[in-house]
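Structure first, commentary second.
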Amino acid sequence: MEHILFGAAYYDEYMPYDRIETDMQMMKKAGMNVIRIAESTWSTLEPQDGIFDFAHLDRMLDAAEKYDIHVIVGTPSYAIPTWLAKKSDTILAITNSGKEIYGHRQNMDITDPTYLKYTERVIRALMEHIKGRDCIIGYQLDNETKHYNTAGAHAQELFVSYLKEQFPSLDKFNLEFGLDYWSNRVNNWADFPDIRGTINGSLAAEYEKFKRLLVTNFLHWQSDIVREYKKPKQFITQNFDFEWHDYSYGLQPDVNQFAAVQCMDIAGCDIYHPSQDDLTGAEISFCGSIARGLRKDNYLILETEAQGNLEWLPYPGQLCMQAYSHLACGADSVMYWHWHSIHNSLESYWKGVLSHDFSENPTYLEACKLGHELQEYGSHLLHLKKKNQAAIMVSNDSLTGMRMFPLKSHGDSSYNDVVRWLSDSLYRLNIEFDVIDSTETDLAQYRLIAVPALYSASEDVLIRLNDYVAAGGHLIATFKSGFSNEHLKIYSDMQPHILKDCCGIHYSQFTAPKNVRLEGKGILSACTGTATDWMELVIPDTATTLFSYVHPYWGKYSAVTYNHYGKGSACYIGCLFENATLDSLIAHLAKDMELMRPDFQFPLILHKGINQFGKQIRYYFNYSGESHSFVYDAADGTSLLEQQAVAQDSEITLQAWDYKIIESDY
Amino acid sequence: MEHILFGAAYYDEYMPYDRIETDMQMMKKAGMNVIRIAESTWSTLEPQDGIFDFAHLDRMLDAAEKYDIHVIVGTPSYAIPTWLAKKSDTILAITNSGKEIYGHRQNMDITDPTYLKYTERVIRALMEHIKGRDCIIGYQLDNETKHYNTAGAHAQELFVSYLKEQFPSLDKFNLEFGLDYWSNRVNNWADFPDIRGTINGSLAAEYEKFKRLLVTNFLHWQSDIVREYKKPKQFITQNFDFEWHDYSYGLQPDVNQFAAVQCMDIAGCDIYHPSQDDLTGAEISFCGSIARGLRKDNYLILETEAQGNLEWLPYPGQLCMQAYSHLACGADSVMYWHWHSIHNSLESYWKGVLSHDFSENPTYLEACKLGHELQEYGSHLLHLKKKNQAAIMVSNDSLTGMRMFPLKSHGDSSYNDVVRWLSDSLYRLNIEFDVIDSTETDLAQYRLIAVPALYSASEDVLIRLNDYVAAGGHLIATFKSGFSNEHLKIYSDMQPHILKDCCGIHYSQFTAPKNVRLEGKGILSACTGTATDWMELVIPDTATTLFSYVHPYWGKYSAVTYNHYGKGSACYIGCLFENATLDSLIAHLAKDMELMRPDFQFPLILHKGINQFGKQIRYYFNYSGESHSFVYDAADGTSLLEQQAVAQDSEITLQAWDYKIIESDY
Amino acid sequence: MEHILFGAAYYDEYMPYDRIETDMQMMKKAGMNVIRIAESTWSTLEPQDGIFDFAHLDRMLDAAEKYDIHVIVGTPSYAIPTWLAKKSDTILAITNSGKEIYGHRQNMDITDPTYLKYTERVIRALMEHIKGRDCIIGYQLDNETKHYNTAGAHAQELFVSYLKEQFPSLDKFNLEFGLDYWSNRVNNWADFPDIRGTINGSLAAEYEKFKRLLVTNFLHWQSDIVREYKKPKQFITQNFDFEWHDYSYGLQPDVNQFAAVQCMDIAGCDIYHPSQDDLTGAEISFCGSIARGLRKDNYLILETEAQGNLEWLPYPGQLCMQAYSHLACGADSVMYWHWHSIHNSLESYWKGVLSHDFSENPTYLEACKLGHELQEYGSHLLHLKKKNQAAIMVSNDSLTGMRMFPLKSHGDSSYNDVVRWLSDSLYRLNIEFDVIDSTETDLAQYRLIAVPALYSASEDVLIRLNDYVAAGGHLIATFKSGFSNEHLKIYSDMQPHILKDCCGIHYSQFTAPKNVRLEGKGILSACTGTATDWMELVIPDTATTLFSYVHPYWGKYSAVTYNHYGKGSACYIGCLFENATLDSLIAHLAKDMELMRPDFQFPLILHKGINQFGKQIRYYFNYSGESHSFVYDAADGTSLLEQQAVAQDSEITLQAWDYKIIESDY
C-alpha cells in the first residue's frame, strides 16, 4: 500500500435503486480510495445451489476501476443463503441453547463437512471469477469469524479426539481436570458426556480453548484456498473484533487472534467506540494495540463508525479526530461501516456515512475534509512505526478462567475489566504500550510489563516472567495471576506460585472486601483508596508494602507490594480499587523509568512513532469539551495539517475535541 | 338495548356449592340486570368428545329468566378441554418459544383444521341448544381473541401463500423487504426459512400483520356461524382488550380491531385500570375512545374490575366513579369480572364483586347504590353521543415498527408510550378526542389530529395528512412519523418524507440526547424541558421554531416547529420530553381552536355528550384525594343524581374522588 | 456417641497428590475425630458397570483406623457416573426445563427403575465391602436428597395414580381443585394433561406435595437397604438442607423433613451462614431448631463452612464462635465441608479448612484451638437437652401455597420471609423456640406458639390451634393463616375461617398498602410502623386493637389485634411491618409469660440447656464488633473454657465476637 486507505464497506446488493455511479462520484469527492465488498452476500452470489450470479460484483468492480478505487473482497462464508440451510440437518449449529434457527448470520457449524464443501465451492467460484481484477488489493477471509458456540455431535467428537491426543492416559486426564469431583470421572472415552452440561470449570475452559482452535483452523483452511488464486501483491486479512460491550471493549474471548493471524499478510479489525462526550480514545488505542501486536506491524481498520449508532453521531470535528486516533496507533486505513444507511432489517439504525436519504450531511462533509487532508498529508502518516517500552500481557485462557470464576460484580467481563483497568491507567498517563500474548518470549524488549489477572498460566510463562524481572524488567502483576495452570487446575503450593519469587510475597487466603479502605505507605502515604470485589490477604516476604488494608482484622495484610528481585522489580496488586489510586501508584512506579511525562495526562493524549521518511510523528489530542494547553517539548517541527512551524517549548492550546499532528526530526 | 347494562360475568361451573338462587337474589338487590356466561367453559359443556352437557347453562338461563336478568353468551373456543388437546399433535400452537403445553387458555393454533372442526361443532351445538332463549340479548365471539403467536408449519405455509399473492415477483419481494442484507435473500419460495429466526424487521413486521389478519378471519368465521342461529334482536360482539401493562394501557398489538369489528354489531371490550390514589380516568377514557372508535358508536364494557387485583380495591366512592367514567366516554354497559372470587387456580386474587366468603362487603354495597342510581337515571345516560373535534391517529403497523426499532428506555411499549404521551396530555387539558385508525379517510371532521410516532405509513396515508392540513386541518405529528412505508422499508428521500411539506422541515440525522435541554421560543420562551431517548436534528424550511435544543453542538437544530401550510397548520415534535412541557405546548397550539377551557384541567375532568332525549349531559369528575371547585359555565341544568338545579356560573365543589352529572338543554 | 464429633468431609479421590498420612496427622493435631466420606464418589467406586474399585475407600478407612478417627460413610447415589447416564434414556430427569443434561449432580429421576436398580447394587456392594469396619460410626443416606423437579412420564403416571387413590370420584376431584376454571376439567383420567403446564395453583401445589412424598419414599427405601448391613451401634442419618439464599435460610421447600427423618436414627443437616460483620447466629439457631425438631433430639451438623465462600472467611475468633453456636442449639457435631480446597471444577472457591496449598493457615490454626477445647470440655457440651416454652409452627404446604400466591416483593421466599420475620424477632428477644410441623398434636407443651402465614391448613390443624388457645395457650398468627385448605382451596366462609374464633376477628377484603402507617394503641401507643406488601382489612369482633392503620380510608380497620379466648389469648397480625415494631409487639405480648429477660437482647444472645451431668449450660454470645456487658443472673457457676468461677449477679463483659459458656447447678 502506498497511501492511507480511506473508504467504506459498499453493498450494491442492498440499494433501493441504482446508485453506483452517484455513489462513486460522492466517494471521489470525499477523497475515498477503497471499498470493501462481498462479505455478506452469498445469497446474491449463488442464488441457488451451484448457480452463480456475479452481476453485482462485476458492477462494483467495473465502477471501482472506472473511478480508480481500490477494492477489498471478502469471502461470503459467514452468512449462508436460505437454500444452503436446507441442504443438511447438520449445517445450522447446535449450541448450548439448542439448534440454531436460520436468520441471523454466523449460525452454522464451522466443522460441518457439508457447510465446508459448499463454502469451498463458493470461494473458488468467486476467486476464479475475479482473480484477474486489478482494482482488488486484498482479500478478507470471512468476517468476524468465531466458533458460534458449536457443540453439536461432530464438534464434540473432534473435542474428544483432541483430548485423547493430549492425554493418552485417562487417569492423567481425570487427575489433571479433577473429574473425580461430583463423580464426573470418565473411565472410558466412550462415556464422555455432553460437554454442554459440565460443571467442571477446567473442562469447560478446555472446550473454549478447543473452539478457539476451530476458528484458527477454519481461517487457515480458507487462507490456503484464497492463496491459490490471489496475486502476489494482494494481501489476505481478516476483520477481527473484540469483546463487545455495546462497543469494542477488550480481548476477544472466542478467537486466539495471535494464532489465527499467522495465515494472513496483515491484521485487520473493526473498532467501534463511544463518541460525543464519551469519546476518550481508549478503545481506539487499546484495541488498536492488540491489532498492531498480532503481527507486530501496522494494521487495517476495516470497519469503524461513521454516524454509527444513535449515541455515536459524532460532534463536529470528532469524525476527523477519530480517524487520526486510529492512524496514531499504527492503523494504515480508516474504513467506515458503511457507506449508506440500510433501509430494512436489523441494522437500519447503525448508520453509515450517508443517511437513508443519500444526501450530503454533516458527517459526509466532514469525511470530505478528512479525505482531502489524507490525500495531502497521508504519506507522512502511513506505516507509522511505534517502539513502545511498556506492554500489557493478555491471555485468552485467563479470560476464560475468569469467566469460570468471575469477580462478583464484573461477571463475564471480569478479565477484560482488569485488563482495561490497568491499560486505561497507562493510557491516561500517556505510557504507550504494546499488547503481547502470554506466549510471547521476547520480554526483554520492554522496560515495563503489566500483567492483569493472569489466572491461567503454564509454569513456562510464569518462569519467563520471573526471569524477566531477574534480568532487569519491571513487572506489575495483579491479584489472581499465576493461580492456576493451563488447564485451570489451581496450583497446589503456596500462592502466587512461581510469581512469589519475583514478587517477594505469599498468601493463602482471600475474601470479599466490605468497607475496606486502602492506605498508602511511605512516599504514597497521601494516597488512599477502597478495595472492591476481591482482596488477597498478602504477606510480604522480601517485598515492602505500598498499600495496606485499613480494617480491624485484615489490617495486618498488604494490598499492594513492591519487591526488588535480581536486577528488576515487581509490584503485586492484591485487590481492585479506584482508577485515581491506580494512576498514582503507576505514576509512582513509572517515574524513574522515563516512560511518561508527569505533567501531560488525559484528556491530553500523545501518540508517537516514526514515519516512512524517518521522521518523528507526534499526535496530540484533547479528548474533552474544554480547551487545554501544554508545552510542546520535542524538537522544532511542523504542524502537518496547518503546515505551521512549531518551536520546541512553545505553548500549544487545543480547543475542545481538537488535535495537532507534528512532524519533527527527533 | 333499552337500559344501561349493569352486571357481571357469572360461572355456575366454578361454585364450591349451589349458589344460583342466592346469587340471583343478591344481583337483583344490587340492581344488576345482566350476566355474561359460558366463555371459558368448554370442558363442562362438552366433557368428552361429542358428549354435550348443558346442565350448568340451563341452570343459569333458567335462573336468569326467573329473575328477569339478561344474558350474554360467549362461545367457549378460547379455552380448549383436556381431551381436545390430545386429539391431534397440531392443536397446541407452536410459537417462538416452542410447542405450547396444555394448561393456560389461548394455547391453540387458530389455523389448525382439527381445532376449527371441533370449535365449529361445539358452537353449533351450543347455539342449537340455546337459540330459543329470550333472556339472551347477545353473543360474544370467543374472548380476548389473539393469534397466540402461532408459528407452526401450517401457519407459516399460509404466510408464504399470503406473501406470494402480494408479490408475484420474487425480485420485488426481496427488494421491498431488503432481504439481500446478510444473505437472507429468498430465491425460491420453497427456500423460505422459518420466520421465527428472521432478523429482518420488515419481514418480522409482516408476519405480525399476517397474524393480525388470522385473528380477523377467525372472528369473521365464528360470526358467520353464530349469525346462522341468532335472533334479529340479539347482537354479536367481542371482548377486545388492550396492550397490557398490568392494566389496560394502549392499542392492542396483536389484533387489528378496526378490521375485526366489522363482523360484529357492537364493539365490546374490557378495561382494567389502576385505582385508589392512582385512579386518573385516563385508561377509561383512552381505551374507551378506541372502543367507541371501532364502530363510531357506543360500546360495551364487558369486563372491568370490582375489587380486582390487590392494588385495585376501590376506595369508598370509587366503584361508582369508575362506572360513571365509562358511561361518560360512551359505554352502554358496566359489567364486572366477575361476580364472585374464585377459590382455586390462577386468578384467586383477582377478586369479583363478592369475596370468597360470598357475603355482603363494602364493594358489593357500593354496587347496590350504583345499581339503583342506574335504574333511576340510566335512561338519561344511555347511548350518549359524542362529537369530538380532536382525534388521535393510531396504527398497528407503526406499533409493530416501534417494537422492531424501539426507543431505548421504552422497549416494546415504545409506540403506546408515545401515543399515551400525546393522548394523556389532551386528556389532562380536557380536549376530548376520538381514536382513529390510520386508514381513516374522513379527516376533515376534526379540527385537530394528533399523530404519534406514525413510523410505518403508506404514501396514501401521508398524502391524506398533508391534504388535511392544506385544507385547514391542524396537525401535531411527532418524531419518527412518516419514516418508513407499510413494509417498514425506510423511505429513501429526505425525512420526514411527504410530511416535510406540511411540516415545513427536514432532517437527515438524529441522536440520543444526553443532557440536552429544550428552550421555548417567542410566546413559549418561559417553557423549558429536557429531551429524552430520541432527538431528531430538525432543520426548519418554512416552519418556525417553537423549541430549540440547548447544547453546544445541537443547539442550531429545532426540537419543535410550527408551520402554516395551505389553510391549516402543522406542529412537528422532534423529541420526547416532559408531560408539563407538552401540556404547555398543546395548550398553546389549541388555544385558538376553542377545544378546551383554559382554567379547567386535570384532576378536574369533563366528559360530555348528547343523550337520547337530545339533552346535553356533562360529567364532571375530580380524580384526586383533595376537593376542587370550579365554575359551571354551561346552561342552567339539573344535577342528575341529586336532582338539584344547577345555575349557569354557579360554583361547584367536588370532594375527594367525587363527580357530578349535569343535564341541560345545551 | 461419647464425644462431640469434630471433623470434616474428606475426599482422597480429589487429591492432586498422595496426602492421606499428612492430612490425618494434621487432623489429629487439630483435635479432629471424624471424617465423612464417599457421598459424591460413585464414579471412582464403580468406574464401569459392575466393576467396583474400593481402593480410595480402603485407604481412607485404613488411615482412619490407624489414627483413631471415626468415619461416616455416605451412599453415593446423588451423583451418578458418566457411564450410568448412558445406560437408559430415562435416567436423567425430565423437568419443567426439559431433559436434564449430564454434569451437575442430582440430575436423575429418582423414580426411574433403572436408576434405582443400579443404586441398590452400588449401595449393597459398598455396604458388603465395609460392613466389618469398626471405625464407621454411621451412614448417611444419599446427600441433600430432593426430587430434582422430576416431571417425566413415569413420575407423572405415579402422580395420576396417587390422585386416583385420593379421589375415587372424578367429580369430587374436579370440584376440590376447581378445575372447571378455564376449562381445565378432567373428565377421564386418561385425559390428564402434562402437569408442567398447569395454571391451577391447587394442582401445582399437589404435585409439589407428591414430589416431597417421592423423596420420603426414596430415603425410606435406601434406609431399608442400609439397615440390612449396618451394626446396631451405627446410626443412619441424612444431610438435610434448607431453603437456599446464598446461605441456609428457611424451611426446605422440596422435602418434608419431618416425614423423611422417620427412617433414620438421628437427624443431620448442613448449615451455611453469612460471617464476618454479617454473622448473627440467626441461621444457626433457626435451621438448627428445625433439625432438633425433626426427631425432637440432638442432631448432627454434617457440613458447615470453614473458610467457605469468599464472603465467609471468618474473622479471628469467629470459627470457634460459630462452632459453639451450633452446640448451643443442640448439635452434637461440627463438621466442615470440607478438609481441603478443591483444585478444579465448580466449588474451587468454596474453601475448606485448608487452602489449596494444604499449609497451615489462620483458619486451620483456630480449628486446632477449638479441637483441643472440645477434647477438654466437650463432655459438658454433648447431648445438650433443651426445653423451650415457645414454638414456631411451619408447613411445607403453606410454603408451596405462598409460592403460588406470593407477596409481591418477596416472590418465592414469601413464606420463609414471614417465618424468619417472626422467628428472628424471637431470636433477637432471646425467646428460645422449637420448630414444629403443622401436624404436631402436642401443642399444650408450649406457652407460646407463633404461626407465620399458615396459608394451607386442614380444618384439623386449625381446630387444634383454636383448642390450644381455649386451653390456655398463647397464639401469634399472621395474615394469610387459615385461608385455604390442604389442597389450597380457599375456604368459602368468612376469613380467617376457624381461626376467627380464637382471634375474635374477621375480614373479607385486603389490599396492597401504599403509604400506610401503623399506630399502636393503649400501652403500645408509642409504637409506630409501616405496612408493607400486604394488608388485611381486619374487623375486631371480640378482639381489641393493638395497631390500627393510619390512612384516610383504611383507618377504620385493625392491623394487629389481641383476643382473650377461653384460658388463652390470640394475637392476629394482619400485615407485614418493620422488625423493630414487631420486636416491640412480641416483647409486649411475651412480657407476662416469663419467656425472656427484658434487658438482654441481640447482639447479646443466650442459649441454654441441660448437659448429661444434669447441669445447666448457658452460652452467652456477643454477635457484634463492639464489646457488650451484662449481669449474669443465674446461679453461681463456672466459666467452662476459662475454668473460672462466675458469681450470680456479677457483670460479664464480652469483647467483639466473644462468648462465654457457663455451667451451673440451676
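In the C-alpha cells, each chain is lettered A, B, ... as it comes, each chain's residues begin at 1, and ligands are numbered from 1 in order of appearance.
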
_Proximal residues of chain C relative to chain A (only C-alpha atoms; 8 Å) as a ChimeraX atom specification_ = /C:13-14,16,40-44,47-48,79-83,86,101-105,310-313,315-316,343-346,355-359,361

_Within 10 Å of stretch 243-247 of chain B using only C-alpha atoms, minus same-chain residues under 6 positions, as a PyMOL selection string_ = chain B and resi 253-254+271-274+283+287+309+413+416

_Can you tell me which residues surround B:Ala205 at a distance of at most 7 Å, considering only C-alpha atoms, apart from same-chain residues fewer than 4 positions away, and format the answer as a PyMOL selection string?_
chain B and resi 201+209+400-401

_According to DSSP computed on the backbone, where in stretch 254-503 of chain C is there helix (DSSP H, G or I)? Give the residues as a PyMOL selection string._
chain C and resi 257-263+276-278+282-295+310-312+318-328+362-381+396-404+411-428+443-445+459-470+499-503

Could you save the residues just selected, with C-alpha atoms, as an mmCIF file, in the first residue's frame?
```
data_model
loop_
_atom_site.group_PDB
_atom_site.id
_atom_site.type_symbol
_atom_site.label_atom_id
_atom_site.label_comp_id
_atom_site.auth_asym_id
_atom_site.auth_seq_id
_atom_site.Cartn_x
_atom_site.Cartn_y
_atom_site.Cartn_z
ATOM 1 C CA GLN C 257 -38.137 -33.478 56.527
ATOM 2 C CA PHE C 258 -40.494 -34.337 59.371
ATOM 3 C CA ALA C 259 -41.729 -37.337 57.380
ATOM 4 C CA ALA C 260 -38.418 -38.281 55.777
ATOM 5 C CA VAL C 261 -36.499 -38.385 59.063
ATOM 6 C CA GLN C 262 -38.696 -41.187 60.376
ATOM 7 C CA CYS C 263 -36.479 -43.820 58.752
ATOM 8 C CA GLN C 276 -17.655 -11.548 59.216
ATOM 9 C CA ASP C 277 -19.782 -8.486 60.102
ATOM 10 C CA ASP C 278 -22.917 -10.342 58.978
ATOM 11 C CA ALA C 282 -29.808 -16.467 63.456
ATOM 12 C CA GLU C 283 -29.414 -19.110 60.741
ATOM 13 C CA ILE C 284 -27.522 -21.411 63.096
ATOM 14 C CA SER C 285 -30.343 -21.088 65.573
ATOM 15 C CA PHE C 286 -33.298 -21.270 63.198
ATOM 16 C CA CYS C 287 -32.073 -24.074 60.960
ATOM 17 C CA GLY C 288 -30.625 -25.896 63.965
ATOM 18 C CA SER C 289 -34.019 -25.709 65.640
ATOM 19 C CA ILE C 290 -35.614 -27.326 62.613
ATOM 20 C CA ALA C 291 -33.026 -30.131 62.761
ATOM 21 C CA ARG C 292 -33.558 -30.533 66.507
ATOM 22 C CA GLY C 293 -37.315 -30.630 65.979
ATOM 23 C CA LEU C 294 -37.228 -33.382 63.372
ATOM 24 C CA ARG C 295 -36.647 -36.111 65.914
ATOM 25 C CA LEU C 310 -15.369 -15.559 49.534
ATOM 26 C CA GLU C 311 -17.547 -13.503 51.869
ATOM 27 C CA TRP C 312 -17.407 -16.022 54.688
ATOM 28 C CA GLN C 318 -15.424 -16.493 64.631
ATOM 29 C CA LEU C 319 -14.675 -20.103 63.674
ATOM 30 C CA CYS C 320 -14.883 -21.053 67.361
ATOM 31 C CA MET C 321 -17.878 -18.843 67.953
ATOM 32 C CA GLN C 322 -19.719 -20.480 65.067
ATOM 33 C CA ALA C 323 -18.956 -23.970 66.360
ATOM 34 C CA TYR C 324 -20.184 -23.180 69.871
ATOM 35 C CA SER C 325 -23.303 -21.594 68.394
ATOM 36 C CA HIS C 326 -24.162 -24.935 66.815
ATOM 37 C CA LEU C 327 -23.562 -26.828 70.047
ATOM 38 C CA ALA C 328 -25.624 -24.282 71.971
ATOM 39 C CA PRO C 362 -5.225 -18.954 60.327
ATOM 40 C CA THR C 363 -8.456 -20.910 59.919
ATOM 41 C CA TYR C 364 -6.743 -24.221 60.456
ATOM 42 C CA LEU C 365 -4.909 -22.870 63.479
ATOM 43 C CA GLU C 366 -8.164 -21.687 65.017
ATOM 44 C CA ALA C 367 -9.644 -25.127 64.378
ATOM 45 C CA CYS C 368 -6.741 -26.573 66.373
ATOM 46 C CA LYS C 369 -7.605 -24.364 69.341
ATOM 47 C CA LEU C 370 -11.239 -25.393 69.065
ATOM 48 C CA GLY C 371 -10.413 -29.072 68.759
ATOM 49 C CA HIS C 372 -8.449 -29.009 71.950
ATOM 50 C CA GLU C 373 -11.170 -27.195 73.847
ATOM 51 C CA LEU C 374 -13.661 -29.795 72.702
ATOM 52 C CA GLN C 375 -11.381 -32.599 73.806
ATOM 53 C CA GLU C 376 -11.105 -30.935 77.207
ATOM 54 C CA TYR C 377 -14.668 -29.772 77.808
ATOM 55 C CA GLY C 378 -16.744 -31.478 75.144
ATOM 56 C CA SER C 379 -18.358 -33.908 77.530
ATOM 57 C CA HIS C 380 -20.029 -30.980 79.277
ATOM 58 C CA LEU C 381 -21.496 -29.786 75.998
ATOM 59 C CA ASN C 396 -44.413 -27.270 53.629
ATOM 60 C CA ASP C 397 -47.870 -26.918 52.149
ATOM 61 C CA SER C 398 -48.094 -23.306 53.244
ATOM 62 C CA LEU C 399 -44.671 -22.640 51.809
ATOM 63 C CA THR C 400 -45.861 -24.022 48.485
ATOM 64 C CA GLY C 401 -49.095 -22.065 48.745
ATOM 65 C CA MET C 402 -47.199 -18.846 49.253
ATOM 66 C CA ARG C 403 -45.096 -19.643 46.183
ATOM 67 C CA MET C 404 -48.274 -19.962 44.172
ATOM 68 C CA GLY C 411 -41.590 -13.907 45.473
ATOM 69 C CA ASP C 412 -40.591 -17.499 46.051
ATOM 70 C CA SER C 413 -39.282 -16.754 49.521
ATOM 71 C CA SER C 414 -42.542 -15.229 50.709
ATOM 72 C CA TYR C 415 -43.242 -17.981 53.191
ATOM 73 C CA ASN C 416 -39.803 -18.237 54.696
ATOM 74 C CA ASP C 417 -39.577 -14.456 54.832
ATOM 75 C CA VAL C 418 -42.631 -14.379 57.085
ATOM 76 C CA VAL C 419 -41.332 -17.336 59.087
ATOM 77 C CA ARG C 420 -37.965 -15.675 59.567
ATOM 78 C CA TRP C 421 -39.650 -12.343 60.306
ATOM 79 C CA LEU C 422 -41.298 -13.941 63.322
ATOM 80 C CA SER C 423 -38.527 -16.321 64.331
ATOM 81 C CA ASP C 424 -35.803 -13.706 64.062
ATOM 82 C CA SER C 425 -37.787 -11.467 66.352
ATOM 83 C CA LEU C 426 -37.990 -14.264 68.939
ATOM 84 C CA TYR C 427 -34.270 -14.811 68.423
ATOM 85 C CA ARG C 428 -33.393 -11.165 68.974
ATOM 86 C CA LEU C 443 -49.303 -28.214 71.418
ATOM 87 C CA ALA C 444 -50.002 -27.966 75.123
ATOM 88 C CA GLN C 445 -46.309 -28.271 75.936
ATOM 89 C CA GLU C 459 -59.533 -27.940 59.386
ATOM 90 C CA ASP C 460 -57.947 -30.419 61.835
ATOM 91 C CA VAL C 461 -54.922 -28.186 62.197
ATOM 92 C CA LEU C 462 -56.992 -25.052 62.636
ATOM 93 C CA ILE C 463 -59.234 -26.706 65.210
ATOM 94 C CA ARG C 464 -56.150 -27.827 67.162
ATOM 95 C CA LEU C 465 -54.888 -24.245 67.219
ATOM 96 C CA ASN C 466 -58.265 -22.979 68.355
ATOM 97 C CA ASP C 467 -58.393 -25.627 71.076
ATOM 98 C CA TYR C 468 -54.841 -24.819 72.126
ATOM 99 C CA VAL C 469 -55.823 -21.242 72.833
ATOM 100 C CA ALA C 470 -59.020 -22.247 74.552
ATOM 101 C CA LEU C 499 -59.171 -19.025 63.481
ATOM 102 C CA LYS C 500 -61.709 -16.240 63.618
ATOM 103 C CA ASP C 501 -62.990 -17.858 66.796
ATOM 104 C CA CYS C 502 -59.797 -17.703 68.829
ATOM 105 C CA CYS C 503 -58.643 -14.467 67.222
#
```

_Shell around B:Ile94 at 7 Å using only C-alpha atoms, local window under 3 positions removed, as a PyMOL selection string_ = chain B and resi 98-100+150-152

*Which polymer residues have any atom within 7 Å of an atom of A:Arg447, counting only C-alpha atoms, with same-chain residues fewer than 3 positions away left out, as a ChimeraX atom specification?*
/A:389-390,473-474

Let's have the selection written as a PDB file, in the first residue's frame, with N, CA, C and O atoms.
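Okay, this is what ended up in selection05.pdb:
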```pdb
ATOM      1  N   GLN A 389       7.917   1.033  25.183  1.00  0.00           N
ATOM      2  CA  GLN A 389       8.737   0.474  26.258  1.00  0.00           C
ATOM      3  C   GLN A 389       7.888  -0.288  27.282  1.00  0.00           C
ATOM      4  O   GLN A 389       8.428  -0.899  28.197  1.00  0.00           O
ATOM      5  N   ALA A 390       6.589  -0.195  27.098  1.00  0.00           N
ATOM      6  CA  ALA A 390       5.699  -0.889  28.032  1.00  0.00           C
ATOM      7  C   ALA A 390       4.830  -1.875  27.270  1.00  0.00           C
ATOM      8  O   ALA A 390       4.593  -1.714  26.065  1.00  0.00           O
ATOM      9  N   GLY A 473      13.787  -6.429  34.291  1.00  0.00           N
ATOM     10  CA  GLY A 473      12.480  -5.925  33.900  1.00  0.00           C
ATOM     11  C   GLY A 473      11.654  -5.451  35.093  1.00  0.00           C
ATOM     12  O   GLY A 473      11.942  -5.797  36.244  1.00  0.00           O
ATOM     13  N   HIS A 474      10.659  -4.661  34.770  1.00  0.00           N
ATOM     14  CA  HIS A 474       9.764  -4.169  35.813  1.00  0.00           C
ATOM     15  C   HIS A 474       8.369  -4.743  35.566  1.00  0.00           C
ATOM     16  O   HIS A 474       7.816  -4.567  34.479  1.00  0.00           O
TER      17      HIS A 474
END
```

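Residues within 7 Å of stretch 556-563 of chain A, counting only C-alpha atoms and excluding same-chain residues fewer than 2 positions away, are A:Cys503, A:Gly504, A:Leu537, A:Val538, A:Ile539, A:Thr542, A:Ala543, A:Thr544, A:Thr545, A:Leu546, A:Phe547, A:Ser548, A:Tyr549, A:Trp554, A:Tyr565, A:Ser569, A:Ala570, A:Cys571, A:Tyr572, A:Ile573, A:Gly574, A:Cys575.
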